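A.B. asks: What follows is a structure written as structure tokens; I'll ask about it next.
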Amino acid sequence: MDTSPVLSEYVDRLQQLGTSFRKLRRHHAVAATGLTIAIILFLILSFYALRQRVPPWWPLLAVPPVVVSAECCQRVKDGLSKTRRLTRFYEHGLQRLNGMWAGNGFAGDEFDDPDHLYAKDLNVLGKGSLFELLCIARTAAGRKRLADYLLETPTLGEAIERQNAVRELQSRIDLREETTLLGKFEFSEVAVESFEDWLSSPVAPTNQYLRLIAALTSSLTAVIVLAGVVGLLSLVQVVIWISPFVLFHSIVGFIFKRRVNQMTDMLRGVWMDTRVLREGLQLLEVQEFRSARLREILDLIHNSSKSVRRLEQLVGGFYERNKEWFYFPSMLLVLGTQLYMAIEDWRARNGTALRSWLTAWVEFEALNSLANYAWENPSCTYPQLVSGKACFEAQKLGNPLIDNTLCVPNDIELNSKSRFYLVSGSNMSGKSTLLRTIGLNTVLALAGAPVRAQVLRLSQLSICASLSVVDSLMNGKSRFLAEVERLRHTIELAGRNGHVLFLVDEILGGTNSRDRRKASEAVIRALVDHRAIGALSTHDMALTEIAEIEGLGGVNVHMGSRNESDPMDFDYLLKPGATKESNALAIARLAGVPV
């Protein structure tokens, strides 16, 4: 894949950001110097005013310069922060383009299901996985939606809609930059269940009269205390006047204490993501899209950011009240209880809508991640998604996780005529990688992304893979039993919908050759009878006979060395027929055995 245009663009953008960063650093130094001078001037004027050498209002002359300088400093700091974020965004992009991305992004391990039918087998999740290559989502909920894209089989119509949306977003690098700058922090690390747990909990009824009385007594308490501070009331008068209000607040606070504490724990995660959600919704509200999926997103979020801003303010105040500088006033004015009631009232009115807004945002984040992959891989092609019988027909198919300079493409044709490939060859010849290549490109295609192929035509397929099945001491399950269960699930799924892509490495390798041959034929025949397609790899030559059975639709192919003189010099190209090579002696020499 030729990524040089994107690579050049990213390098140029980084150079521009470096220039901007240095300029902002100079501006920050000037603004900080101005602020320091303004503060010193204020302190000098205040000192002379106290000694009555200048009028008492003179220190006020220094206030505007202090305010202006402080505002300039803050603006420059915000500019520096944004520049740093964009710099890291493009640096990570360069890492992906240069094949140095593994271990530097989100691995998605938190979404792992040990019983999933292909996630571990195809390296969909984990370090160096497809998820890590794709993910640029800003929120945990967005990352969860991207994982769903990769782990669930959509309908054909759903996959086509996603693809159209990704096509439209592919060139919107400006939108991805703005998404990168959302929120206060670069990434939001809250639990993915935060919003869902909060929204699913019962809404506590709040008494509007109680809210009104609490607001009124809090206001009166604040006015009385302020009057005491400025000297309009004595300390004794202040204490006497606010005592009934304080007693009322204490009773209300005690009654609501448990509920306020529960909300504190529940909203901790929500608070982290609310600002990103609000700014993201604001960003999307001003966009214009053509594709059906993106237009649906716009319809869902219409005028949503104003309501989310109110939630952001309420939740922010709910946590700010516990800061040391505000803790006592918060207790005195029973702000925690008042904010609790306000938040519950907001949830009662907007909870259902918030689910829709959140769904729309995480959908956009998933599509945006796929669009970024499409942009960074311009040589990838969008697959043709077709209805009808199960098929997977590709030209120049490559593995998306392998570096461009090392990837060897192959042609694949799985359909009603050639229902399965039986790939023979020695260890390390590339058989397992070929199976993963087929599976990963299917995952990308159904997610809506372009694939690493010159041409790919496929139907809607449910993937079932047995490439990395391992034993489980905890569950008392051997590797062989785990593989048999995976094959059973595959046959059952094929029996339900027929459109199954099976990928099996060293089928039933835990039994003797005679039983393996018979059992493997029975499994393959069951899958083919259910109209499934797929590929199996083996180094057991007895199994290659299965592909020769008339009417079964099998095709023998093999992978091996590029020349007979060096059986370990693999070219990773798919060749017709069963393998006739042997590299046993070469493997023994690798193990240090003199032969």
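Convention: chains lettered A, B, ... in structure tokens order; per-chain residue numbering from 1; ligands numbered from 1 as shown.
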Quick one: DSSP alpha helix (DSSP H) residues in region 484-522 of chain A, as a list in words?
C.D. replies: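 Result set for region 484-522 of chain A (alpha helix (DSSP H)): Val484, Glu485, Arg486, Leu487, Arg488, His489, Thr490, Ile491, Glu492, Leu493, Ala494, Gly495, Arg496, Asn497, Ser513, Arg514, Asp515, Arg516, Arg517, Lys518, Ala519, Ser520, Glu521 and Ala522 of chain A.
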A.B. asks: Excluding region 166-175 of chain A and its own-chain neighbours fewer than 6 positions away, which residues fall within 7 Å of it when counting only C-alpha atoms? Please give them as a list in words.
C.D. replies: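 What passes the distance filter is Leu367, Asn368, Leu370, Ala371, Asn372, Ala374, Trp375, Gly448 and Ala449 of chain A.
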A.B. asks: Atoms to include: N, CA and C atoms. Write the selected residues as a PDB file, in the first residue's frame.
C.D. replies:
ATOM      1  N   LEU A 367     -17.403   5.274  13.615  1.00  0.00           N
ATOM      2  CA  LEU A 367     -17.270   5.560  12.180  1.00  0.00           C
ATOM      3  C   LEU A 367     -16.051   6.438  11.913  1.00  0.00           C
ATOM      4  N   ASN A 368     -15.784   7.381  12.799  1.00  0.00           N
ATOM      5  CA  ASN A 368     -14.644   8.277  12.638  1.00  0.00           C
ATOM      6  C   ASN A 368     -13.324   7.517  12.721  1.00  0.00           C
ATOM      7  N   LEU A 370     -12.886   4.349  11.836  1.00  0.00           N
ATOM      8  CA  LEU A 370     -12.760   3.613  10.569  1.00  0.00           C
ATOM      9  C   LEU A 370     -12.396   4.554   9.428  1.00  0.00           C
ATOM     10  N   ALA A 371     -12.945   5.769   9.468  1.00  0.00           N
ATOM     11  CA  ALA A 371     -12.631   6.752   8.427  1.00  0.00           C
ATOM     12  C   ALA A 371     -11.168   7.157   8.495  1.00  0.00           C
ATOM     13  N   ASN A 372     -10.633   7.266   9.699  1.00  0.00           N
ATOM     14  CA  ASN A 372      -9.220   7.604   9.845  1.00  0.00           C
ATOM     15  C   ASN A 372      -8.336   6.502   9.272  1.00  0.00           C
ATOM     16  N   ALA A 374      -9.222   4.518   6.861  1.00  0.00           N
ATOM     17  CA  ALA A 374      -9.359   4.637   5.402  1.00  0.00           C
ATOM     18  C   ALA A 374      -8.468   5.744   4.858  1.00  0.00           C
ATOM     19  N   TRP A 375      -8.408   6.863   5.572  1.00  0.00           N
ATOM     20  CA  TRP A 375      -7.591   7.992   5.132  1.00  0.00           C
ATOM     21  C   TRP A 375      -6.103   7.640   5.143  1.00  0.00           C
ATOM     22  N   GLY A 448     -17.549  -1.784   7.907  1.00  0.00           N
ATOM     23  CA  GLY A 448     -17.762  -0.629   7.036  1.00  0.00           C
ATOM     24  C   GLY A 448     -16.484  -0.009   6.532  1.00  0.00           C
ATOM     25  N   ALA A 449     -15.342  -0.602   6.872  1.00  0.00           N
ATOM     26  CA  ALA A 449     -14.041  -0.043   6.500  1.00  0.00           C
ATOM     27  C   ALA A 449     -13.555  -0.602   5.167  1.00  0.00           C
TER      28      ALA A 449
END
A.B. asks: For Ala447 (chain A), which residue among A:Ala222, A:Ala165, A:Ile524, A:Ala215 is the nearest when counting only C-alpha atoms?
C.D. replies: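 Comparing A:Ala222, A:Ala165, A:Ile524, A:Ala215 against Ala447 (chain A), the winner is A:Ala165.
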A.B. asks: For the strand (DSSP E) assignment from backbone DSSP, which residues of region 332-581 of chain A qualify? Please present them as a ChimeraX atom specification.
C.D. replies: /A:384-386,392-397,410-414,420-424,455-459,462-466,500-505,533-538,554-558,575-576
A.B. asks: What are the nearest atom pairs, with distances in Å to one decimal, for all residues of region 262-353 of chain A that come at most 12 Å from region 225-247 of chain A, using only C-alpha atoms, set out by chain and rising residue number as JSON lines?
C.D. replies:
{"residue": "A:Pro329", "atom": "CA", "partner": "A:Val225", "partner_atom": "CA", "distance": 10.3}
{"residue": "A:Ser330", "atom": "CA", "partner": "A:Val246", "partner_atom": "CA", "distance": 11.7}
{"residue": "A:Met331", "atom": "CA", "partner": "A:Val246", "partner_atom": "CA", "distance": 9.3}
{"residue": "A:Leu332", "atom": "CA", "partner": "A:Val246", "partner_atom": "CA", "distance": 6.6}
{"residue": "A:Leu333", "atom": "CA", "partner": "A:Val246", "partner_atom": "CA", "distance": 7.9}
{"residue": "A:Val334", "atom": "CA", "partner": "A:Val246", "partner_atom": "CA", "distance": 8.8}
A.B. asks: So which residues touch Glu296 (chain A) within 12 Å, counting only C-alpha atoms, skipping near sequence neighbours fewer than 2 positions away, as a ChimeraX atom specification?
C.D. replies: /A:161-162,165,284-285,288-294,298-302,356-357,359-361,363-364
A.B. asks: Nearest residue to Asp12 (chain A) out of A:Leu314, A:Leu94, A:Leu151, A:Leu527, using only C-alpha atoms?
C.D. replies: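 That would be A:Leu94, the residue with the smallest distance to Asp12 (chain A).
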A.B. asks: Give me the residues within 8 Å of Val455 (chain A) as a PyMOL selection string, counting only C-alpha atoms and dropping any in the same chain fewer than 4 places off.
C.D. replies: chain A and resi 381+383+393-397
A.B. asks: Determine, using only C-alpha atoms, which residues of region 215-282 of chain A have any atom at most 10 Å from an atom of region 337-353 of chain A, and tabulate each with its shortest atom pair and distance in Å to one decimal place, rows ordered by chain and then rising number, as a Markdown table.
C.D. replies:
| residue | atom | partner | partner_atom | distance |
| --- | --- | --- | --- | --- |
| A:Ala215 | CA | A:Gln338 | CA | 7.5 |
| A:Ser218 | CA | A:Gln338 | CA | 9.7 |
| A:His249 | CA | A:Thr337 | CA | 9.2 |
| A:Val252 | CA | A:Thr337 | CA | 7.6 |
| A:Gly253 | CA | A:Thr337 | CA | 6.2 |
| A:Phe254 | CA | A:Thr337 | CA | 9.4 |
| A:Ile255 | CA | A:Thr337 | CA | 9.3 |
| A:Phe256 | CA | A:Thr337 | CA | 6.4 |
| A:Lys257 | CA | A:Thr337 | CA | 7.7 |
| A:Arg259 | CA | A:Tyr340 | CA | 8.2 |
| A:Val260 | CA | A:Tyr340 | CA | 6.2 |
| A:Asn261 | CA | A:Tyr340 | CA | 9.7 |
| A:Met263 | CA | A:Tyr340 | CA | 7.5 |
| A:Thr264 | CA | A:Tyr340 | CA | 9.1 |
A.B. asks: State, in Å with one decimal place, the distance from CA of Leu503 (chain A) to CA of Val528 (chain A).
C.D. replies: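 According to the coordinates, CA of Leu503 (chain A) and CA of Val528 (chain A) are separated by 13.0 Å.
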A.B. asks: Which one of A:Val443, A:Leu97, A:Ile438, A:Ala147 sits closest to Tyr10 (chain A) if you count only C-alpha atoms?
C.D. replies: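 Closest candidate: A:Leu97.
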A.B. asks: By how many Å are CA of Leu493 (chain A) and CA of Ala119 (chain A) apart?
C.D. replies: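 Answer for the CA of Leu493 (chain A) to CA of Ala119 (chain A) separation: 16.3 Å.
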A.B. asks: Would you work out the distance separating CA of Gln208 (chain A) from CA of Glu320 (chain A), expressed in Å to one decimal?
C.D. replies: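 These atoms are spaced 23.8 Å apart.
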A.B. asks: For Arg321 (chain A), which of A:Ala453, A:Met266, A:Leu508, A:Leu335 is the closest residue, counting only C-alpha atoms?
C.D. replies: A:Leu335
A.B. asks: Can you pull out the residues contacting Thr433 (chain A)? Cut-off 10 Å, using only C-alpha atoms, and skip same-chain residues under 3 positions away; I want them as a list in words.
C.D. replies: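 That gives Leu122, Gly398, Asn399, Ile402, Met428, Ser429, Gly430, Arg436, Thr437, Ile438, Gly439, Leu467, Asp505 and Tyr572 of chain A.
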A.B. asks: With N, CA, C and O atoms kept, could you save the residues just selected as a PDB file, in the first residue's frame?
C.D. replies:
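Below you can see out_13.pdb, which holds the result:
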ATOM      1  N   LEU A 122      -8.234 -14.116  15.723  1.00  0.00           N
ATOM      2  CA  LEU A 122      -7.880 -13.200  14.628  1.00  0.00           C
ATOM      3  C   LEU A 122      -7.108 -11.967  15.102  1.00  0.00           C
ATOM      4  O   LEU A 122      -6.847 -11.068  14.313  1.00  0.00           O
ATOM      5  N   GLY A 398      -4.282  -8.893   1.458  1.00  0.00           N
ATOM      6  CA  GLY A 398      -3.164  -8.816   2.398  1.00  0.00           C
ATOM      7  C   GLY A 398      -3.640  -8.676   3.830  1.00  0.00           C
ATOM      8  O   GLY A 398      -4.787  -8.303   4.092  1.00  0.00           O
ATOM      9  N   ASN A 399      -2.748  -8.942   4.762  1.00  0.00           N
ATOM     10  CA  ASN A 399      -3.083  -8.848   6.184  1.00  0.00           C
ATOM     11  C   ASN A 399      -2.929  -7.405   6.654  1.00  0.00           C
ATOM     12  O   ASN A 399      -1.848  -6.832   6.540  1.00  0.00           O
ATOM     13  N   ILE A 402       0.107  -6.511   9.097  1.00  0.00           N
ATOM     14  CA  ILE A 402       1.498  -6.732   8.684  1.00  0.00           C
ATOM     15  C   ILE A 402       2.013  -5.495   7.957  1.00  0.00           C
ATOM     16  O   ILE A 402       1.305  -4.889   7.151  1.00  0.00           O
ATOM     17  N   MET A 428       5.435 -22.515   9.847  1.00  0.00           N
ATOM     18  CA  MET A 428       6.060 -21.232   9.523  1.00  0.00           C
ATOM     19  C   MET A 428       5.929 -20.844   8.055  1.00  0.00           C
ATOM     20  O   MET A 428       6.493 -19.854   7.618  1.00  0.00           O
ATOM     21  N   SER A 429       5.186 -21.615   7.284  1.00  0.00           N
ATOM     22  CA  SER A 429       5.054 -21.286   5.861  1.00  0.00           C
ATOM     23  C   SER A 429       4.009 -20.201   5.604  1.00  0.00           C
ATOM     24  O   SER A 429       3.920 -19.702   4.489  1.00  0.00           O
ATOM     25  N   GLY A 430       3.196 -19.848   6.618  1.00  0.00           N
ATOM     26  CA  GLY A 430       2.228 -18.759   6.463  1.00  0.00           C
ATOM     27  C   GLY A 430       0.787 -19.193   6.432  1.00  0.00           C
ATOM     28  O   GLY A 430      -0.093 -18.378   6.130  1.00  0.00           O
ATOM     29  N   ARG A 436      -5.902 -15.851   9.082  1.00  0.00           N
ATOM     30  CA  ARG A 436      -6.186 -14.598   9.790  1.00  0.00           C
ATOM     31  C   ARG A 436      -6.414 -13.444   8.802  1.00  0.00           C
ATOM     32  O   ARG A 436      -7.209 -12.546   9.054  1.00  0.00           O
ATOM     33  N   THR A 437      -5.706 -13.468   7.699  1.00  0.00           N
ATOM     34  CA  THR A 437      -5.885 -12.436   6.672  1.00  0.00           C
ATOM     35  C   THR A 437      -7.314 -12.453   6.140  1.00  0.00           C
ATOM     36  O   THR A 437      -7.952 -11.401   5.984  1.00  0.00           O
ATOM     37  N   ILE A 438      -7.825 -13.642   5.861  1.00  0.00           N
ATOM     38  CA  ILE A 438      -9.208 -13.753   5.393  1.00  0.00           C
ATOM     39  C   ILE A 438     -10.167 -13.240   6.457  1.00  0.00           C
ATOM     40  O   ILE A 438     -11.080 -12.447   6.177  1.00  0.00           O
ATOM     41  N   GLY A 439      -9.954 -13.666   7.702  1.00  0.00           N
ATOM     42  CA  GLY A 439     -10.854 -13.273   8.778  1.00  0.00           C
ATOM     43  C   GLY A 439     -10.822 -11.795   9.075  1.00  0.00           C
ATOM     44  O   GLY A 439     -11.878 -11.151   9.227  1.00  0.00           O
ATOM     45  N   LEU A 467      -8.167 -20.879  15.710  1.00  0.00           N
ATOM     46  CA  LEU A 467      -6.745 -20.745  15.398  1.00  0.00           C
ATOM     47  C   LEU A 467      -5.895 -20.624  16.657  1.00  0.00           C
ATOM     48  O   LEU A 467      -4.712 -20.967  16.643  1.00  0.00           O
ATOM     49  N   ASP A 505      -7.343 -23.835  12.086  1.00  0.00           N
ATOM     50  CA  ASP A 505      -5.909 -24.145  11.980  1.00  0.00           C
ATOM     51  C   ASP A 505      -5.640 -25.490  12.638  1.00  0.00           C
ATOM     52  O   ASP A 505      -5.973 -25.705  13.799  1.00  0.00           O
ATOM     53  N   TYR A 572       5.457 -17.263   1.093  1.00  0.00           N
ATOM     54  CA  TYR A 572       4.126 -16.953   1.623  1.00  0.00           C
ATOM     55  C   TYR A 572       3.075 -16.774   0.528  1.00  0.00           C
ATOM     56  O   TYR A 572       2.052 -16.122   0.744  1.00  0.00           O
TER      57      TYR A 572
END
A.B. asks: Have a look at A:Ile136, A:Cys73, A:Ala535, A:Ala159 and name the one nearest to Ser466 (chain A); count only C-alpha atoms.
C.D. replies: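 Closest residue, counting only C-alpha atoms: A:Ala535.
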A.B. asks: Could I get the residues of region 427-513 of chain A with an atom no further than 10 Å from an atom of region 543-547 of chain A, each paired with its nearest atom pair and that distance in Å to one decimal, using only C-alpha atoms, sorted by chain and residue number, as a Markdown table?
C.D. replies:
| residue | atom | partner | partner_atom | distance |
| --- | --- | --- | --- | --- |
| A:Glu506 | CA | A:Leu543 | CA | 9.9 |
| A:Ile507 | CA | A:Leu543 | CA | 9.3 |
| A:Ser513 | CA | A:Leu543 | CA | 8.7 |
A.B. asks: Keeping all heavy atoms for every residue in the selection just given, could you write it to a file as a short mmCIF file (atom, residue, chain, number, x, y, z; two decimals), in the first residue's frame?
C.D. replies:
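Once everything was written out, this is out.cif:
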data_model
loop_
_atom_site.label_atom_id
_atom_site.label_comp_id
_atom_site.auth_asym_id
_atom_site.auth_seq_id
_atom_site.Cartn_x
_atom_site.Cartn_y
_atom_site.Cartn_z
N GLU A 506 -5.05 -26.42 11.85
CA GLU A 506 -4.71 -27.75 12.35
C GLU A 506 -5.91 -28.41 13.02
O GLU A 506 -5.92 -28.71 14.22
CB GLU A 506 -3.53 -27.67 13.33
CG GLU A 506 -2.25 -27.12 12.74
CD GLU A 506 -1.69 -28.02 11.62
OE1 GLU A 506 -2.16 -29.17 11.48
OE2 GLU A 506 -0.81 -27.56 10.88
N ILE A 507 -6.95 -28.65 12.24
CA ILE A 507 -8.19 -29.19 12.75
C ILE A 507 -7.98 -30.51 13.49
O ILE A 507 -7.30 -31.41 13.00
CB ILE A 507 -9.21 -29.35 11.60
CG1 ILE A 507 -10.56 -29.83 12.14
CG2 ILE A 507 -8.69 -30.28 10.50
CD1 ILE A 507 -11.68 -29.81 11.11
N SER A 513 -3.95 -39.85 13.76
CA SER A 513 -4.15 -39.48 12.35
C SER A 513 -5.38 -40.13 11.75
O SER A 513 -6.13 -39.48 11.00
CB SER A 513 -2.91 -39.86 11.54
OG SER A 513 -3.06 -39.46 10.20
#
A.B. asks: Name the closest residue to Ala482 (chain A) among the candidates A:Leu50, A:Leu117, A:Leu130, A:Ala494; distances are taken between atoms, counting only C-alpha atoms.
C.D. replies: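 Closest residue, counting only C-alpha atoms: A:Leu117.
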